[in-house]
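**Student:** The following file, target-v6.cif, comprises mmCIF, C-alpha atoms:
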data_protein
#
loop_
_atom_site.label_atom_id
_atom_site.label_comp_id
_atom_site.auth_asym_id
_atom_site.auth_seq_id
_atom_site.Cartn_x
_atom_site.Cartn_y
_atom_site.Cartn_z
CA MET A 251 -15.98 -10.50 12.31
CA LYS A 252 -19.21 -9.85 14.22
CA HIS A 253 -18.42 -6.12 14.35
CA LEU A 254 -19.04 -5.99 10.60
CA LEU A 255 -22.77 -6.64 11.27
CA ARG A 256 -23.11 -8.65 8.07
CA GLY A 257 -25.90 -10.74 9.59
CA LEU A 258 -28.14 -7.66 9.69
CA ALA A 259 -27.82 -6.92 5.99
CA PRO A 260 -30.55 -8.01 3.51
CA ILE A 261 -27.92 -9.91 1.52
CA THR A 262 -27.88 -13.64 0.91
CA GLU A 263 -24.85 -15.84 1.50
CA ARG A 264 -24.50 -16.34 -2.23
CA ALA A 265 -24.43 -12.60 -2.84
CA TRP A 266 -21.91 -12.06 -0.02
CA GLU A 267 -19.57 -14.60 -1.64
CA ARG A 268 -19.71 -12.69 -4.92
CA LEU A 269 -19.11 -9.33 -3.22
CA ASP A 270 -16.12 -10.72 -1.33
CA GLN A 271 -14.72 -12.21 -4.52
CA GLU A 272 -15.04 -8.98 -6.50
CA ALA A 273 -13.44 -6.95 -3.72
CA ARG A 274 -10.59 -9.44 -3.35
CA GLN A 275 -9.81 -9.34 -7.05
CA ALA A 276 -9.74 -5.54 -7.12
CA LEU A 277 -7.53 -5.37 -4.04
CA GLU A 278 -5.05 -7.98 -5.26
CA ALA A 279 -4.71 -6.19 -8.58
CA THR A 280 -4.03 -2.83 -6.89
CA LEU A 281 -2.07 -3.36 -3.66
CA ALA A 282 1.65 -2.81 -4.16
CA ALA A 283 3.39 -1.78 -0.93
CA ARG A 284 2.50 -4.89 1.08
CA ARG A 285 4.21 -6.98 -1.60
CA VAL A 286 7.62 -5.49 -0.75
CA VAL A 287 7.49 -5.04 3.05
CA ASP A 288 7.25 -7.45 5.97
CA PHE A 289 3.61 -8.30 6.62
CA ARG A 290 2.45 -9.03 10.15
CA GLY A 291 -1.11 -10.22 10.49
CA PRO A 292 -3.96 -10.23 10.25
CA GLU A 293 -3.91 -9.98 14.04
CA GLY A 294 -7.64 -9.39 14.44
CA TRP A 295 -10.02 -6.49 14.94
CA ASP A 296 -9.17 -6.25 18.65
CA LEU A 297 -5.48 -5.37 18.14
CA PRO A 298 -5.26 -1.71 19.26
CA SER A 299 -1.57 -0.91 18.82
CA VAL A 300 1.99 -2.06 18.17
CA ASP A 301 4.48 -2.06 21.04
CA LEU A 302 7.51 0.05 20.09
CA GLY A 303 9.66 -1.46 22.83
CA ARG A 304 10.52 1.98 24.23
CA VAL A 305 9.51 4.04 27.23
CA GLU A 306 9.14 7.74 28.03
CA ALA A 307 10.20 8.99 31.47
CA LEU A 308 7.54 10.94 33.37
CA ASP A 309 8.29 13.94 35.55
CA ASP A 310 5.78 12.76 38.12
CA ALA A 311 5.27 9.49 40.04
CA PRO A 312 2.38 8.15 42.15
CA VAL A 313 4.53 8.07 45.33
CA ASP A 314 7.82 9.58 46.53
CA GLY A 315 10.88 7.47 45.80
CA ALA A 316 9.42 5.90 42.67
CA ARG A 317 10.09 6.60 39.03
CA ALA A 318 7.43 6.28 36.32
CA ARG A 319 7.87 5.54 32.62
CA LEU A 320 5.21 5.22 29.96
CA ARG A 321 5.53 2.47 27.40
CA ARG A 322 5.35 3.83 23.87
CA VAL A 323 2.98 2.26 21.36
CA LEU A 324 1.82 3.03 17.83
CA PRO A 325 -1.98 2.82 17.49
CA LEU A 326 -3.57 1.09 14.53
CA VAL A 327 -5.67 3.30 12.28
CA GLU A 328 -9.13 2.26 11.08
CA ILE A 329 -9.83 2.99 7.43
CA ARG A 330 -13.39 2.74 6.09
CA VAL A 331 -14.55 3.36 2.53
CA PRO A 332 -18.39 3.44 2.33
CA PHE A 333 -20.43 2.65 -0.78
CA ASP A 334 -24.06 2.02 -1.73
CA LEU A 335 -25.35 -0.92 -3.78
CA PRO A 336 -28.82 -1.11 -5.33
CA ARG A 337 -30.90 -3.91 -3.86
CA THR A 338 -31.89 -4.91 -7.38
CA GLU A 339 -28.24 -5.83 -8.08
CA LEU A 340 -27.91 -7.72 -4.80
CA GLU A 341 -31.09 -9.65 -5.56
CA ALA A 342 -29.72 -10.49 -9.01
CA LEU A 343 -26.57 -11.89 -7.37
CA ALA A 344 -28.73 -13.97 -5.05
CA ARG A 345 -30.45 -15.46 -8.09
CA GLY A 346 -27.09 -16.37 -9.61
CA ALA A 347 -26.64 -13.53 -12.10
CA HIS A 348 -23.23 -13.66 -13.76
CA GLU A 349 -23.27 -9.98 -14.61
CA ALA A 350 -24.04 -7.28 -12.05
CA ASP A 351 -23.20 -3.61 -11.74
CA LEU A 352 -20.56 -3.69 -8.99
CA ASP A 353 -18.48 -0.74 -10.12
CA VAL A 354 -19.03 1.12 -6.84
CA LEU A 355 -17.67 -1.89 -4.92
CA ARG A 356 -14.58 -2.05 -7.12
CA GLU A 357 -14.05 1.69 -6.74
CA ALA A 358 -14.29 1.36 -2.95
CA ALA A 359 -11.75 -1.47 -3.03
CA LEU A 360 -9.37 0.66 -5.09
CA ARG A 361 -9.70 3.53 -2.63
CA ALA A 362 -9.07 1.21 0.31
CA ALA A 363 -5.96 -0.19 -1.36
CA LEU A 364 -4.78 3.33 -2.17
CA ALA A 365 -5.20 4.33 1.49
CA GLU A 366 -2.86 1.54 2.60
CA ASP A 367 -0.29 2.14 -0.13
CA THR A 368 -0.30 5.90 0.42
CA SER A 369 0.24 5.45 4.16
CA VAL A 370 3.09 2.95 3.74
CA LEU A 371 4.87 4.80 0.94
CA GLY A 372 4.09 8.44 1.67
CA GLY A 373 3.13 8.35 5.33
CA PHE A 374 0.02 9.34 7.24
CA PRO A 375 1.13 11.84 9.93
CA ALA A 376 -2.31 12.16 11.50
CA ALA A 377 -2.12 8.44 12.39
CA GLY A 378 1.52 8.60 13.46
CA ILE A 379 2.66 6.65 10.36
CA ARG A 380 6.01 7.59 8.88
CA GLY A 381 6.19 6.47 5.26
CA ILE A 382 9.10 4.98 3.37
CA LEU A 383 9.63 7.96 1.04
CA PRO A 384 9.75 10.73 3.67
CA GLU A 385 12.09 8.66 5.82
CA ALA A 386 14.42 7.83 2.92
CA GLY A 387 14.06 11.15 1.09
CA SER A 388 17.65 12.31 1.63
CA ARG A 389 18.86 9.56 -0.74
CA ALA A 390 16.48 10.42 -3.60
CA THR A 391 17.64 9.89 -7.20
CA GLU A 392 16.32 11.85 -10.17
CA LEU A 393 14.60 9.93 -12.95
CA PRO A 394 15.88 10.63 -16.47
CA GLU A 395 13.68 12.38 -19.00
CA ASP A 396 14.55 9.67 -21.51
CA PHE A 397 13.70 6.31 -19.95
CA ALA A 398 16.17 4.54 -22.22
CA ARG A 399 18.65 5.88 -19.64
CA PHE A 400 16.72 4.54 -16.67
CA PRO A 401 19.27 1.74 -16.03
CA ASP A 402 21.80 4.49 -15.17
CA ALA A 403 19.47 5.91 -12.50
CA LEU A 404 18.83 2.40 -11.23
CA ALA A 405 22.58 1.74 -11.00
CA ALA A 406 23.01 4.92 -8.95
CA ALA A 407 20.26 3.78 -6.57
CA PHE A 408 21.85 0.33 -6.28
CA GLU A 409 25.16 1.96 -5.36
CA GLN A 410 23.49 3.92 -2.56
CA LEU A 411 21.95 0.78 -1.11
CA ARG A 412 25.11 -1.27 -1.36
CA SER A 413 27.26 1.47 0.13
CA ALA A 414 24.90 1.41 3.11
CA GLY A 415 25.37 -2.36 3.40
CA VAL A 416 21.86 -3.13 2.16
CA GLN A 417 21.69 -6.38 0.21
CA GLY A 418 18.96 -7.67 -2.11
CA PRO A 419 16.79 -8.96 -3.49
CA TYR A 420 15.24 -5.70 -4.60
CA ALA A 421 11.87 -4.50 -5.87
CA LEU A 422 11.02 -1.42 -7.90
CA LEU A 423 7.76 0.50 -7.42
CA LEU A 424 6.83 3.19 -9.93
CA GLY A 425 3.92 5.59 -10.21
CA PRO A 426 1.60 5.36 -13.24
CA ASP A 427 3.46 7.82 -15.48
CA ALA A 428 6.91 6.41 -14.74
CA TYR A 429 5.64 2.83 -14.99
CA GLU A 430 4.12 3.42 -18.42
CA ALA A 431 7.22 5.30 -19.55
CA LEU A 432 9.42 2.37 -18.55
CA LEU A 433 7.21 -0.19 -20.29
CA ARG A 434 7.19 1.84 -23.52
CA SER A 435 10.93 2.53 -23.64
CA THR A 436 13.42 0.55 -25.68
CA HIS A 437 17.15 0.56 -26.22
CA ARG A 438 18.52 0.97 -29.71
CA GLY A 439 17.64 -2.15 -31.59
CA GLY A 440 14.23 -2.40 -29.92
CA TYR A 441 15.16 -4.30 -26.73
CA PRO A 442 12.71 -3.35 -23.93
CA VAL A 443 14.33 -1.37 -21.13
CA VAL A 444 12.05 -3.03 -18.58
CA GLU A 445 13.58 -6.44 -19.35
CA HIS A 446 17.03 -5.02 -18.64
CA VAL A 447 15.71 -3.61 -15.37
CA ARG A 448 14.14 -6.92 -14.29
CA ARG A 449 17.45 -8.72 -14.81
CA GLU A 450 19.27 -6.16 -12.68
CA LEU A 451 16.67 -6.29 -9.92
CA ASP A 452 16.16 -10.03 -9.59
CA GLY A 453 12.76 -8.94 -8.29
CA PRO A 454 9.44 -7.40 -9.38
CA VAL A 455 8.67 -4.13 -11.12
CA LEU A 456 5.35 -2.98 -9.67
CA LEU A 457 2.81 -0.31 -10.51
CA ALA A 458 1.97 1.74 -7.40
CA ASN A 459 -0.90 4.16 -7.95
CA ALA A 460 -0.06 5.91 -4.67
CA LEU A 461 3.11 7.29 -6.28
CA THR A 462 2.03 10.44 -8.06
CA GLY A 463 5.20 11.96 -9.48
CA GLY A 464 7.30 14.88 -8.27
CA ASP A 465 9.07 13.71 -5.13
CA ARG A 466 7.00 10.50 -5.23
CA ALA A 467 7.70 9.08 -8.67
CA GLY A 468 9.04 5.71 -7.53
CA VAL A 469 11.19 3.85 -5.03
CA LEU A 470 13.75 1.06 -5.06
CA VAL A 471 13.34 -1.18 -1.99
CA SER A 472 15.34 -4.06 -0.59
CA THR A 473 13.11 -7.02 0.22
CA ARG A 474 15.73 -8.75 2.39
CA GLY A 475 13.37 -8.37 5.37
CA GLY A 476 13.54 -6.59 8.70
CA ASP A 477 13.47 -3.04 7.32
CA PHE A 478 9.78 -2.21 6.89
CA GLU A 479 6.86 -3.72 8.81
CA LEU A 480 3.18 -3.44 7.96
CA THR A 481 0.98 -4.64 10.83
CA VAL A 482 -2.64 -5.43 9.98
CA GLY A 483 -5.31 -6.06 12.57
CA GLN A 484 -8.50 -6.42 10.56
CA ASP A 485 -7.55 -7.15 6.97
CA PHE A 486 -9.79 -5.80 4.23
CA ALA A 487 -13.39 -6.86 4.84
CA ILE A 488 -16.86 -5.69 3.83
CA GLY A 489 -19.20 -4.53 6.58
CA TYR A 490 -22.82 -3.38 6.76
CA THR A 491 -24.15 0.03 7.85
CA SER A 492 -27.82 0.38 6.88
CA HIS A 493 -30.37 -0.10 4.13
CA THR A 494 -33.47 1.39 2.58
CA ALA A 495 -36.02 -0.08 0.21
CA GLU A 496 -33.74 0.77 -2.71
CA THR A 497 -30.12 0.58 -1.53
CA VAL A 498 -27.80 -1.10 0.96
CA THR A 499 -24.96 0.92 2.49
CA LEU A 500 -21.79 -1.10 3.00
CA TYR A 501 -18.12 -0.32 3.58
CA ILE A 502 -14.68 -1.82 3.11
CA GLU A 503 -12.60 -1.66 6.28
CA GLU A 504 -9.01 -2.30 7.34
CA THR A 505 -6.99 -1.54 10.49
CA PHE A 506 -3.23 -1.21 10.19
CA THR A 507 -0.07 0.68 11.03
CA PHE A 508 3.42 0.80 9.57
CA LEU A 509 6.98 1.03 10.89
CA PRO A 510 9.94 2.13 8.70
CA ILE A 511 12.52 0.33 10.83
CA GLY A 512 15.41 0.63 8.36
CA PRO A 513 14.77 3.49 5.92
CA GLU A 514 18.30 3.08 4.56
CA ALA A 515 16.90 0.06 2.66
CA ALA A 516 15.05 2.31 0.19
CA VAL A 517 16.00 4.90 -2.41
CA PRO A 518 13.20 7.15 -3.70
CA PHE A 519 13.01 8.38 -7.28
CA THR A 520 11.93 11.94 -8.01
CA SER A 521 10.90 13.55 -11.28
CA SER A 522 9.48 16.81 -12.54
CA ARG A 523 9.47 15.69 -16.15
CA VAL A 524 8.07 12.13 -16.32
CA SER A 525 5.50 11.86 -19.07
CA ALA A 526 3.20 9.00 -19.91
CA ARG A 527 4.80 9.11 -23.37
CA ALA A 528 8.23 7.61 -23.12
CA LYS A 529 11.01 8.41 -25.52
CA ARG A 530 12.40 5.51 -27.46
CA GLY A 531 16.13 4.88 -27.63
#
Would you mind writing the file's structure down as structure tokens?

**Tutor:**
Amino acid sequence: MKHLLRGLAPITERAWERLDQEARQALEATLAARRVVDFRGPEGWDLPSVDLGRVEALDDAPVDGARARLRRVLPLVEIRVPFDLPRTELEALARGAHEADLDVLREAALRAALAEDTSVLGGFPAAGIRGILPEAGSRATELPEDFARFPDALAAAFEQLRSAGVQGPYALLLGPDAYEALLRSTHRGGYPVVEHVRRELDGPVLLANALTGGDRAGVLVSTRGGDFELTVGQDFAIGYTSHTAETVTLYIEETFTFLPIGPEAAVPFTSSRVSARAKRG
């Protein structure tokens, strides 16, 4: 953790504890993808890559009569979200203030969580990360306009998974509009559709802010294990950059990569009509 340079910051131990606590709470309330995939780590800041177990033959070799092959690896990506905190607020924390203006810290934590979820679910090509939705896109199922009929779409997704030999338990991740629509929808007689869905899943229904509608409205995922692997080197941590007489510049950092080993274990949901206002059955 020395690379975070926290010892150089004009921040007391008491204030650091509060900052870490606030960031942790914001992250835990936001992160969705790591709750449904295999989690490997944290392996430490020094982990540079994940071994893919494959090699690539080279046309050249250092000497005649030899053959050369390069081992293939997937590098970890470093994500940093910087933010500035007023020193007056940090000093208040050091004095034991119960209330402090830490909105910029919470916003940074939300952005950091969104970076991980977006990479796992939607991919991050620049970092070599293939996301669950692009890899499983050929099996996409359309969401109904009326969410009272969502169990029908869920049944169709279940059938795709089971026909591919993918067993449960299962988890459902929905973007904000679809998630709200599901929570607001009822069958005739007033029974909540989401309760029906939870019984069918035998697993969680999760809000994933990285799912933004269109071809990324939601996804049904098997959590049986072995299909999706998130590798984390440095898990989310706050580091120090610099300070002035008025502010301290910090950042939230994570290093990670993701492997969609078995994309057949997911069925995406698409929608061009999902509204935050759900129709009632």

**Student:** Determine the residue membership of the PyMOL selection byres ((chain A and resi 353) around 12) for the file above and supply it as a PyMOL selection string.

**Tutor:** chain A and resi 269+272-273+276+333-336+339+349-352+354-360

**Student:** Determine, for each residue of region 467-496 of chain A having at least one atom at most 10 Å from an atom of region 363-385 of chain A, the closest pair of atoms and their separation in Å to one decimal, counting all atoms listed in the file; order by chain and ascending number, as JSON lines.

**Tutor:**
{"residue": "A:Ala467", "atom": "CA", "partner": "A:Leu383", "partner_atom": "CA", "distance": 10.0}
{"residue": "A:Gly468", "atom": "CA", "partner": "A:Leu383", "partner_atom": "CA", "distance": 8.9}
{"residue": "A:Val469", "atom": "CA", "partner": "A:Leu383", "partner_atom": "CA", "distance": 7.5}
{"residue": "A:Val471", "atom": "CA", "partner": "A:Ile382", "partner_atom": "CA", "distance": 9.2}
{"residue": "A:Asp477", "atom": "CA", "partner": "A:Ile382", "partner_atom": "CA", "distance": 10.0}
{"residue": "A:Phe478", "atom": "CA", "partner": "A:Ile382", "partner_atom": "CA", "distance": 8.0}
{"residue": "A:Glu479", "atom": "CA", "partner": "A:Val370", "partner_atom": "CA", "distance": 9.2}
{"residue": "A:Leu480", "atom": "CA", "partner": "A:Val370", "partner_atom": "CA", "distance": 7.7}
{"residue": "A:Phe486", "atom": "CA", "partner": "A:Ala363", "partner_atom": "CA", "distance": 8.8}

**Student:** List, as a ChimeraX atom specification, every residue that the PyMOL selection byres ((chain A and resi 259) around 12) selects in the file provided.

**Tutor:** /A:254-258,260-263,265-266,335,337,340,488-494,497-501

**Student:** I need the residue nearest Leu411 (chain A) from this list: A:Leu457, A:Ala386, A:Ile511, A:Leu326. Use all atoms listed in the file for the distance.

**Tutor:**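 Smallest separation from Leu411 (chain A) among the options: A:Ala386.
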
**Student:** List every residue of region 262-313 of chain A that has an atom at most 10 Å from any atom of region 504-508 of chain A, giving for each one its closest atom pair and the distance in Å to one decimal, counting only C-alpha atoms, sorted by chain and then by ascending residue number, as CSV.

**Tutor:**
residue,atom,partner,partner_atom,distance
A:Val287,CA,A:Phe508,CA,9.7
A:Asp288,CA,A:Phe508,CA,9.8
A:Phe289,CA,A:Phe508,CA,9.6
A:Arg290,CA,A:Phe506,CA,9.7
A:Gly291,CA,A:Phe506,CA,9.3
A:Pro292,CA,A:Phe506,CA,9.0
A:Glu293,CA,A:Phe506,CA,9.6
A:Gly294,CA,A:Thr505,CA,8.8
A:Trp295,CA,A:Thr505,CA,7.3
A:Asp296,CA,A:Thr505,CA,9.7
A:Leu297,CA,A:Thr505,CA,8.7
A:Pro298,CA,A:Thr505,CA,8.9
A:Ser299,CA,A:Thr507,CA,8.1
A:Val300,CA,A:Thr507,CA,7.9

**Student:** Can you turn the PyMOL selection byres ((chain A and resi 390) around 12) into a concrete residue list for this file, as a PyMOL selection string?

**Tutor:** chain A and resi 382-389+391-393+403-404+406-408+410-411+464-470+513-514+516-521

**Student:** One number please: CA of Arg345 (chain A) to CA of Gln275 (chain A), in Å, one decimal.

**Tutor:**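 We find that CA of Arg345 (chain A) and CA of Gln275 (chain A) lie 21.6 Å from each other.
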
**Student:** With all atoms listed in the file as the basis for distance, which of A:Ala405, A:Ala421, A:Asp427, A:Thr462 is at the shortest distance from Arg284 (chain A)?

**Tutor:**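 Checking each of A:Ala405, A:Ala421, A:Asp427, A:Thr462 against Arg284 (chain A), counting all atoms listed in the file, the winner is A:Ala421.
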